[in-house]
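J.: Provided below: structure_0.txt, containing compact mmCIF, N, CA and C atoms.
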```
# COMPACT_ATOMS: atom_id res chain seq x y z
N MET X 1 98.35 132.68 79.86
CA MET X 1 98.91 133.77 79.09
C MET X 1 97.85 134.26 78.11
N THR X 2 97.85 135.53 77.90
CA THR X 2 96.90 136.10 76.96
C THR X 2 97.58 136.39 75.64
N PRO X 3 96.84 136.32 74.52
CA PRO X 3 97.46 136.63 73.24
C PRO X 3 98.00 138.06 73.26
N GLY X 4 99.17 138.24 72.65
CA GLY X 4 99.77 139.56 72.60
C GLY X 4 100.61 139.90 73.82
N SER X 5 100.71 138.97 74.77
CA SER X 5 101.53 139.24 75.95
C SER X 5 103.01 139.11 75.60
N ASP X 6 103.86 139.58 76.50
CA ASP X 6 105.30 139.52 76.26
C ASP X 6 105.75 138.07 76.13
N PRO X 7 106.70 137.82 75.22
CA PRO X 7 107.16 136.44 75.04
C PRO X 7 108.04 135.98 76.19
N ILE X 8 108.11 134.68 76.34
CA ILE X 8 109.06 134.06 77.25
C ILE X 8 110.38 134.03 76.49
N ARG X 9 111.42 134.62 77.09
CA ARG X 9 112.71 134.74 76.41
C ARG X 9 113.69 133.72 76.98
N ILE X 10 114.28 132.91 76.10
CA ILE X 10 115.30 131.94 76.50
C ILE X 10 116.60 132.42 75.85
N THR X 11 117.57 132.82 76.68
CA THR X 11 118.80 133.40 76.18
C THR X 11 120.01 132.86 76.95
N ARG X 12 121.19 133.16 76.41
CA ARG X 12 122.43 132.84 77.12
C ARG X 12 122.89 134.12 77.80
N GLY X 13 123.07 134.07 79.12
CA GLY X 13 123.45 135.24 79.89
C GLY X 13 124.91 135.61 79.71
N GLN X 14 125.32 136.69 80.35
CA GLN X 14 126.69 137.18 80.24
C GLN X 14 127.71 136.18 80.78
N GLY X 15 127.31 135.38 81.76
CA GLY X 15 128.21 134.38 82.32
C GLY X 15 128.21 133.07 81.56
N GLY X 16 127.45 132.98 80.47
CA GLY X 16 127.39 131.76 79.67
C GLY X 16 126.25 130.84 80.03
N GLN X 17 125.49 131.16 81.09
CA GLN X 17 124.39 130.30 81.51
C GLN X 17 123.16 130.55 80.63
N VAL X 18 122.35 129.51 80.46
CA VAL X 18 121.10 129.63 79.71
C VAL X 18 120.00 129.94 80.72
N GLU X 19 119.29 131.04 80.50
CA GLU X 19 118.27 131.46 81.45
C GLU X 19 117.00 131.89 80.75
N VAL X 20 115.92 131.93 81.54
CA VAL X 20 114.60 132.28 81.03
C VAL X 20 114.15 133.56 81.70
N ASP X 21 113.57 134.45 80.90
CA ASP X 21 113.05 135.71 81.42
C ASP X 21 111.64 135.88 80.88
N GLY X 22 110.79 136.44 81.68
CA GLY X 22 109.41 136.69 81.26
C GLY X 22 108.44 136.20 82.32
N THR X 23 107.17 136.48 82.09
CA THR X 23 106.13 136.07 83.02
C THR X 23 105.76 134.62 82.77
N LEU X 24 105.83 133.82 83.83
CA LEU X 24 105.54 132.38 83.72
C LEU X 24 104.35 132.05 84.61
N ASP X 25 103.40 131.30 84.06
CA ASP X 25 102.35 130.75 84.91
C ASP X 25 102.79 129.35 85.34
N SER X 26 101.98 128.67 86.10
CA SER X 26 102.40 127.37 86.64
C SER X 26 102.60 126.33 85.55
N PHE X 27 101.81 126.38 84.48
CA PHE X 27 101.96 125.39 83.41
C PHE X 27 103.27 125.62 82.65
N ALA X 28 103.60 126.87 82.34
CA ALA X 28 104.87 127.17 81.67
C ALA X 28 106.04 126.77 82.56
N ALA X 29 105.93 127.00 83.87
CA ALA X 29 106.98 126.59 84.79
C ALA X 29 107.15 125.07 84.79
N ASP X 30 106.06 124.33 84.75
CA ASP X 30 106.13 122.86 84.68
C ASP X 30 106.81 122.40 83.40
N ILE X 31 106.52 123.06 82.29
CA ILE X 31 107.16 122.71 81.02
C ILE X 31 108.67 122.93 81.12
N LEU X 32 109.07 124.06 81.68
CA LEU X 32 110.49 124.36 81.81
C LEU X 32 111.19 123.38 82.75
N ARG X 33 110.54 122.99 83.83
CA ARG X 33 111.12 121.99 84.74
C ARG X 33 111.30 120.66 84.00
N ARG X 34 110.33 120.30 83.19
CA ARG X 34 110.41 119.05 82.42
C ARG X 34 111.58 119.08 81.44
N ALA X 35 111.90 120.27 80.94
CA ALA X 35 113.01 120.42 80.00
C ALA X 35 114.36 120.52 80.72
N GLY X 36 114.37 120.52 82.05
CA GLY X 36 115.62 120.52 82.80
C GLY X 36 116.01 121.84 83.43
N PHE X 37 115.14 122.84 83.36
CA PHE X 37 115.46 124.13 83.96
C PHE X 37 115.27 124.09 85.47
N LEU X 38 116.10 124.85 86.17
CA LEU X 38 116.06 124.95 87.63
C LEU X 38 115.44 126.28 88.02
N PHE X 39 114.72 126.30 89.12
CA PHE X 39 114.11 127.52 89.65
C PHE X 39 114.78 127.82 90.98
N GLN X 40 115.52 128.94 91.04
CA GLN X 40 116.21 129.32 92.26
C GLN X 40 115.69 130.66 92.74
N PRO X 41 115.42 130.78 94.05
CA PRO X 41 114.92 132.06 94.58
C PRO X 41 115.93 133.17 94.35
N SER X 42 115.42 134.36 94.05
CA SER X 42 116.27 135.54 93.89
C SER X 42 115.50 136.75 94.42
N LEU X 43 116.13 137.90 94.39
CA LEU X 43 115.47 139.10 94.89
C LEU X 43 114.27 139.50 94.05
N ARG X 44 114.28 139.14 92.75
CA ARG X 44 113.17 139.49 91.85
C ARG X 44 112.18 138.36 91.66
N GLY X 45 112.21 137.36 92.49
CA GLY X 45 111.30 136.22 92.34
C GLY X 45 112.07 134.93 92.21
N HIS X 46 112.21 134.44 90.98
CA HIS X 46 112.96 133.22 90.71
C HIS X 46 113.91 133.43 89.54
N TRP X 47 115.08 132.82 89.66
CA TRP X 47 116.03 132.79 88.56
C TRP X 47 115.86 131.43 87.91
N VAL X 48 115.43 131.42 86.66
CA VAL X 48 115.16 130.19 85.94
C VAL X 48 116.31 129.95 84.99
N ARG X 49 117.02 128.83 85.17
CA ARG X 49 118.21 128.57 84.36
C ARG X 49 118.44 127.08 84.21
N LEU X 50 119.28 126.74 83.24
CA LEU X 50 119.73 125.36 83.09
C LEU X 50 120.92 125.14 84.03
N PRO X 51 121.21 123.89 84.40
CA PRO X 51 122.40 123.62 85.21
C PRO X 51 123.66 124.11 84.49
N PHE X 52 124.65 124.51 85.26
CA PHE X 52 125.91 125.00 84.70
C PHE X 52 126.76 123.86 84.14
N ASP X 53 127.62 124.19 83.20
CA ASP X 53 128.67 123.31 82.68
C ASP X 53 128.18 121.97 82.15
N MET X 54 127.08 121.98 81.43
CA MET X 54 126.59 120.75 80.82
C MET X 54 127.03 120.66 79.35
N GLY X 55 127.70 121.68 78.86
CA GLY X 55 128.16 121.70 77.48
C GLY X 55 127.17 122.44 76.59
N HIS X 56 127.69 123.17 75.62
CA HIS X 56 126.85 123.98 74.76
C HIS X 56 125.85 123.15 73.95
N ASP X 57 126.27 121.98 73.48
CA ASP X 57 125.35 121.15 72.69
C ASP X 57 124.15 120.73 73.53
N TRP X 58 124.40 120.26 74.75
CA TRP X 58 123.31 119.84 75.62
C TRP X 58 122.41 121.03 75.96
N GLU X 59 123.02 122.17 76.28
CA GLU X 59 122.23 123.36 76.61
C GLU X 59 121.37 123.80 75.43
N ASN X 60 121.94 123.77 74.23
CA ASN X 60 121.19 124.16 73.04
C ASN X 60 120.01 123.21 72.80
N GLU X 61 120.23 121.92 72.97
CA GLU X 61 119.15 120.94 72.80
C GLU X 61 118.05 121.16 73.82
N ALA X 62 118.43 121.36 75.10
CA ALA X 62 117.43 121.56 76.15
C ALA X 62 116.66 122.85 75.94
N ALA X 63 117.35 123.92 75.56
CA ALA X 63 116.67 125.21 75.33
C ALA X 63 115.73 125.12 74.14
N SER X 64 116.16 124.46 73.07
CA SER X 64 115.30 124.31 71.89
C SER X 64 114.09 123.45 72.19
N TRP X 65 114.30 122.39 72.96
CA TRP X 65 113.20 121.51 73.33
C TRP X 65 112.19 122.27 74.18
N ALA X 66 112.67 123.07 75.13
CA ALA X 66 111.77 123.88 75.95
C ALA X 66 110.99 124.86 75.09
N ALA X 67 111.67 125.52 74.16
CA ALA X 67 110.99 126.48 73.28
C ALA X 67 109.94 125.78 72.43
N ASP X 68 110.25 124.58 71.93
CA ASP X 68 109.28 123.83 71.12
C ASP X 68 108.06 123.45 71.95
N MET X 69 108.29 122.99 73.19
CA MET X 69 107.16 122.60 74.04
C MET X 69 106.30 123.81 74.41
N LEU X 70 106.94 124.94 74.73
CA LEU X 70 106.18 126.14 75.06
C LEU X 70 105.39 126.65 73.85
N THR X 71 106.00 126.58 72.67
CA THR X 71 105.31 127.00 71.45
C THR X 71 104.12 126.09 71.17
N ALA X 72 104.31 124.78 71.37
CA ALA X 72 103.20 123.84 71.16
C ALA X 72 102.05 124.11 72.13
N ALA X 73 102.37 124.64 73.31
CA ALA X 73 101.34 124.99 74.29
C ALA X 73 100.80 126.40 74.04
N ARG X 74 101.19 127.01 72.93
CA ARG X 74 100.72 128.32 72.48
C ARG X 74 101.19 129.50 73.32
N TYR X 75 102.40 129.36 73.89
CA TYR X 75 103.03 130.50 74.56
C TYR X 75 103.87 131.25 73.54
N PRO X 76 103.91 132.57 73.59
CA PRO X 76 104.84 133.30 72.73
C PRO X 76 106.26 133.12 73.29
N VAL X 77 107.17 132.65 72.44
CA VAL X 77 108.53 132.31 72.89
C VAL X 77 109.55 132.98 71.97
N HIS X 78 110.60 133.52 72.56
CA HIS X 78 111.75 134.00 71.79
C HIS X 78 112.95 133.17 72.22
N LEU X 79 113.52 132.40 71.30
CA LEU X 79 114.72 131.61 71.55
C LEU X 79 115.88 132.32 70.87
N ALA X 80 116.91 132.64 71.64
CA ALA X 80 118.09 133.32 71.08
C ALA X 80 118.68 132.46 69.96
N PRO X 81 119.10 133.10 68.85
CA PRO X 81 119.64 132.34 67.72
C PRO X 81 120.84 131.46 68.07
N ASP X 82 121.66 131.87 69.04
CA ASP X 82 122.84 131.06 69.39
C ASP X 82 122.48 129.81 70.19
N LEU X 83 121.20 129.64 70.54
CA LEU X 83 120.77 128.45 71.28
C LEU X 83 120.15 127.39 70.37
N ARG X 84 120.09 127.65 69.10
CA ARG X 84 119.55 126.65 68.17
C ARG X 84 120.59 125.54 68.00
N PRO X 85 120.14 124.29 67.90
CA PRO X 85 121.10 123.19 67.74
C PRO X 85 121.91 123.35 66.46
N GLN X 86 123.15 122.87 66.50
CA GLN X 86 124.04 122.97 65.34
C GLN X 86 123.56 122.12 64.17
N ASN X 87 123.08 120.92 64.46
CA ASN X 87 122.60 120.00 63.43
C ASN X 87 121.11 119.76 63.64
N PRO X 88 120.23 120.56 63.01
CA PRO X 88 118.80 120.33 63.21
C PRO X 88 118.41 118.91 62.79
N GLY X 89 117.59 118.29 63.59
CA GLY X 89 117.15 116.93 63.28
C GLY X 89 118.05 115.86 63.85
N HIS X 90 119.23 116.26 64.33
CA HIS X 90 120.15 115.29 64.93
C HIS X 90 119.85 115.21 66.41
N ASN X 91 119.46 114.04 66.88
CA ASN X 91 119.17 113.85 68.29
C ASN X 91 120.33 113.11 68.94
N PRO X 92 121.07 113.78 69.83
CA PRO X 92 122.18 113.09 70.48
C PRO X 92 121.65 112.00 71.41
N PRO X 93 122.45 110.98 71.69
CA PRO X 93 122.00 109.94 72.60
C PRO X 93 121.72 110.51 73.97
N SER X 94 120.69 109.97 74.62
CA SER X 94 120.29 110.52 75.91
C SER X 94 121.10 109.93 77.06
N GLY X 95 121.72 108.80 76.86
CA GLY X 95 122.49 108.17 77.93
C GLY X 95 123.98 108.26 77.66
N PRO X 96 124.78 107.77 78.59
CA PRO X 96 126.22 107.80 78.37
C PRO X 96 126.62 106.88 77.23
N ALA X 97 127.66 107.23 76.53
CA ALA X 97 128.15 106.41 75.42
C ALA X 97 128.73 105.12 75.99
N ARG X 98 128.59 104.06 75.26
CA ARG X 98 129.15 102.77 75.70
C ARG X 98 130.64 102.75 75.49
N ALA X 99 131.32 102.11 76.41
CA ALA X 99 132.76 101.93 76.27
C ALA X 99 133.01 100.87 75.21
N PRO X 100 134.10 100.97 74.47
CA PRO X 100 134.39 99.96 73.46
C PRO X 100 134.54 98.58 74.12
N ALA X 101 134.14 97.56 73.38
CA ALA X 101 134.20 96.20 73.91
C ALA X 101 135.65 95.79 74.12
N MET X 102 135.89 95.09 75.21
CA MET X 102 137.24 94.61 75.50
C MET X 102 137.52 93.37 74.66
N THR X 103 138.70 93.28 74.11
CA THR X 103 139.06 92.08 73.36
C THR X 103 139.63 91.06 74.34
N ALA X 104 139.36 89.80 74.04
CA ALA X 104 139.82 88.73 74.92
C ALA X 104 141.33 88.58 74.78
N GLN X 105 142.02 88.48 75.88
CA GLN X 105 143.46 88.27 75.89
C GLN X 105 143.78 87.10 76.79
N ALA X 106 144.87 86.46 76.48
CA ALA X 106 145.30 85.34 77.31
C ALA X 106 145.78 85.87 78.65
N PRO X 107 145.52 85.12 79.73
CA PRO X 107 146.00 85.58 81.03
C PRO X 107 147.52 85.58 81.06
N PRO X 108 148.14 86.39 81.90
CA PRO X 108 149.60 86.43 81.96
C PRO X 108 150.15 85.09 82.43
N ALA X 109 151.32 84.73 81.91
CA ALA X 109 151.95 83.46 82.28
C ALA X 109 152.43 83.54 83.73
N ARG X 110 152.31 82.43 84.43
CA ARG X 110 152.75 82.38 85.83
C ARG X 110 154.23 82.06 85.87
N ARG X 111 154.89 82.69 86.78
CA ARG X 111 156.31 82.40 86.96
C ARG X 111 156.46 81.20 87.88
N SER X 112 157.45 80.44 87.60
CA SER X 112 157.69 79.29 88.48
C SER X 112 158.40 79.80 89.73
N PRO X 113 158.06 79.23 90.89
CA PRO X 113 158.68 79.71 92.12
C PRO X 113 160.18 79.41 92.16
N ARG X 114 160.96 80.30 92.72
CA ARG X 114 162.40 80.11 92.83
C ARG X 114 162.70 79.28 94.08
N ARG X 115 163.70 78.49 93.96
CA ARG X 115 164.09 77.67 95.10
C ARG X 115 165.46 77.97 95.54
```
How would this structure read if it were set down as structure tokens?

T.:
Amino acid sequence: MTPGSDPIRITRGQGGQVEVDGTLDSFAADILRRAGFLFQPSLRGHWVRLPFDMGHDWENEAASWAADMLTAARYPVHLAPDLRPQNPGHNPPSGPARAPAMTAQAPPARRSPRR
């Protein structure tokens, strides 16, 4: 990318999906793939988007992370304001939450056989 070129735009589309628009070279595409974006063929080249129905918090975190990585690589980036995380500095757990520990209970009493 050359200085002064059009920014890479990360926005939420009309259908609620998070998508990327702009000219991408192979390094920018690799950064977006690392952040979880998918590249799907379309009539205009590729449709770059996050997976559907992952929840707004996850989408906001992934979009912000992608924007931070692209900015660190000196790409001009525009991140839509509605994609910024709700709690800056709060990193949600990356894995599934643990189920609460089961408390020990006595086994059920056995019934005596009928005769």

J.: Expressed in Å to a single decimal, how great is the separation between atom C of Ser26 of chain X and atom C of Arg74 of chain X?

T.: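 If I compute the distance from atom C of Ser26 of chain X to atom C of Arg74 of chain X, I get 12.7 Å.
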
J.: I'd like the contact shell of Phe37 of chain X - 6.5 Å cut-off, only N, CA and C atoms, skipping same-chain residues fewer than 4 positions apart - returned as a PyMOL selection string.

T.: chain X and resi 32-33+48-51

J.: How many Å separate atom CA of Pro76 of chain X from atom CA of Asn60 of chain X?

T.: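 These two atoms are separated by 18.7 Å.
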
J.: Given only C-alpha atoms as the basis, pick out the residue of X:Leu70, X:Leu79, X:Leu43, X:Leu38 nearest to Asp25 of chain X.

T.: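 Selected residue with least distance to Asp25 of chain X: X:Leu70.
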
J.: So what do you get for atom N of Leu24 of chain X versus atom N of Met54 of chain X, distance-wise?

T.: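 Computing the Euclidean distance for atom N of Leu24 of chain X and atom N of Met54 of chain X yields 24.4 Å.
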